[in-house]
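What follows is a short report on a single structure.
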Amino acid sequence: MSDEHVAFLLLALNLIAFLTFWLDKQAAMRGEWRIRESTLLWIAFLGGSSGAVLAQQIFRHKTRKEPFRSQLLAIALLHLSLALFWLFAPSAWIGAAFRIIVRLSH
């Protein structure tokens, strides 16, 4: 997968996360059916953490709800750590880490 494909995928996931938080906020204000917290967290975990955190702050949605708030923060910090590792780790480390993950998944 090329860097452009990864960037597009992450952009799409973050847009989906942002819109999902917005939809849930709208439903909350109207007293309608809500999106499960587990669904919001999964969307964030799958790559939409930046969009989720941005939407949380802009819409003031689920900012005081624990443990949701802490779980979303942990996901965002995990993604930040992975991004920093990807940017600054020697490429040999990234290749080794990828091989370990592939072995563990089999």
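By convention here, the chains of the structure tokens are called A, B, ... in the order presented, each chain's residues are numbered starting at 1, and ligands are numbered starting at 1 in the order presented.
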Need the shell around segment 9-25 of chain A: protein/DNA/RNA residues with any atom at most 12 Å away, counting only C-alpha atoms. Skip same-chain ones fewer than 4 positions apart. Format as a ChimeraX atom specification? /A:1-5,29-37,39-63,72,76,79,83
Point-to-point distance in Å for atom CA of Leu82 of chain A and atom CA of Ser105 of chain A: 18.3 Å
Write out as JSON, numbers by chain all residues of chain A that DSSP puts in alpha helix (DSSP H) for this structure's backbone. {"A": [3, 4, 5, 6, 7, 8, 9, 10, 11, 12, 13, 14, 15, 16, 17, 18, 19, 20, 21, 22, 23, 24, 25, 26, 27, 28, 29, 30, 37, 38, 39, 40, 41, 42, 43, 49, 50, 51, 52, 53, 54, 55, 56, 57, 58, 59, 68, 69, 70, 71, 72, 73, 74, 75, 76, 77, 78, 79, 80, 81, 82, 83, 84, 85, 86, 87, 88, 91, 92, 93, 94, 95, 96, 97, 98, 99, 100, 101, 102, 103, 104, 105]}
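Going from atom CA of Leu73 of chain A over to atom CA of Ala28 of chain A, you cover 21.5 Å.
We find atom CA of Trp93 of chain A and atom CA of Ser70 of chain A to be spaced 29.5 Å apart.
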Using only C-alpha atoms, find each residue of segment 51-93 of chain A with at least one atom at most 12 Å away from an atom of segment 97-104 of chain A; report its shortest atom-to-atom pair and that distance in Å (one decimal), sort the rows by chain and rising residue number, and return the result as a Markdown table.
```
| residue | atom | partner | partner_atom | distance |
| --- | --- | --- | --- | --- |
| A:Leu82 | CA | A:Ala97 | CA | 11.2 |
| A:Phe85 | CA | A:Ala97 | CA | 10.5 |
| A:Trp86 | CA | A:Ala97 | CA | 10.4 |
| A:Ala89 | CA | A:Ala97 | CA | 10.6 |
| A:Pro90 | CA | A:Ala97 | CA | 11.0 |
| A:Ser91 | CA | A:Ala97 | CA | 9.8 |
| A:Ala92 | CA | A:Ala97 | CA | 8.6 |
| A:Trp93 | CA | A:Ala97 | CA | 6.0 |
```
Please produce an output containing N, CA, C and O atoms for each residue in the selection, written as an mmCIF file, in the first residue's frame.
```cif
data_model
loop_
_atom_site.group_PDB
_atom_site.id
_atom_site.type_symbol
_atom_site.label_atom_id
_atom_site.label_comp_id
_atom_site.auth_asym_id
_atom_site.auth_seq_id
_atom_site.Cartn_x
_atom_site.Cartn_y
_atom_site.Cartn_z
ATOM 1 N N LEU A 82 2.467 5.593 17.750
ATOM 2 C CA LEU A 82 2.758 4.827 16.531
ATOM 3 C C LEU A 82 3.224 5.742 15.401
ATOM 4 O O LEU A 82 4.146 5.397 14.652
ATOM 5 N N PHE A 85 6.773 6.823 16.169
ATOM 6 C CA PHE A 85 7.670 5.695 15.929
ATOM 7 C C PHE A 85 7.908 5.533 14.434
ATOM 8 O O PHE A 85 9.038 5.372 13.985
ATOM 9 N N TRP A 86 6.824 5.589 13.665
ATOM 10 C CA TRP A 86 6.924 5.424 12.211
ATOM 11 C C TRP A 86 7.795 6.518 11.584
ATOM 12 O O TRP A 86 8.586 6.268 10.687
ATOM 13 N N ALA A 89 11.718 6.263 13.925
ATOM 14 C CA ALA A 89 12.469 5.033 14.170
ATOM 15 C C ALA A 89 13.260 4.656 12.915
ATOM 16 O O ALA A 89 12.801 4.895 11.791
ATOM 17 N N PRO A 90 14.417 4.075 13.105
ATOM 18 C CA PRO A 90 15.157 3.582 11.933
ATOM 19 C C PRO A 90 14.309 2.561 11.173
ATOM 20 O O PRO A 90 13.547 1.808 11.774
ATOM 21 N N SER A 91 14.429 2.551 9.874
ATOM 22 C CA SER A 91 13.587 1.667 9.060
ATOM 23 C C SER A 91 13.789 0.202 9.420
ATOM 24 O O SER A 91 12.863 -0.600 9.288
ATOM 25 N N ALA A 92 14.949 -0.183 9.905
ATOM 26 C CA ALA A 92 15.175 -1.566 10.316
ATOM 27 C C ALA A 92 14.268 -1.935 11.489
ATOM 28 O O ALA A 92 13.756 -3.055 11.573
ATOM 29 N N TRP A 93 14.038 -1.003 12.401
ATOM 30 C CA TRP A 93 13.145 -1.257 13.543
ATOM 31 C C TRP A 93 11.714 -1.458 13.070
ATOM 32 O O TRP A 93 11.001 -2.315 13.576
#
```
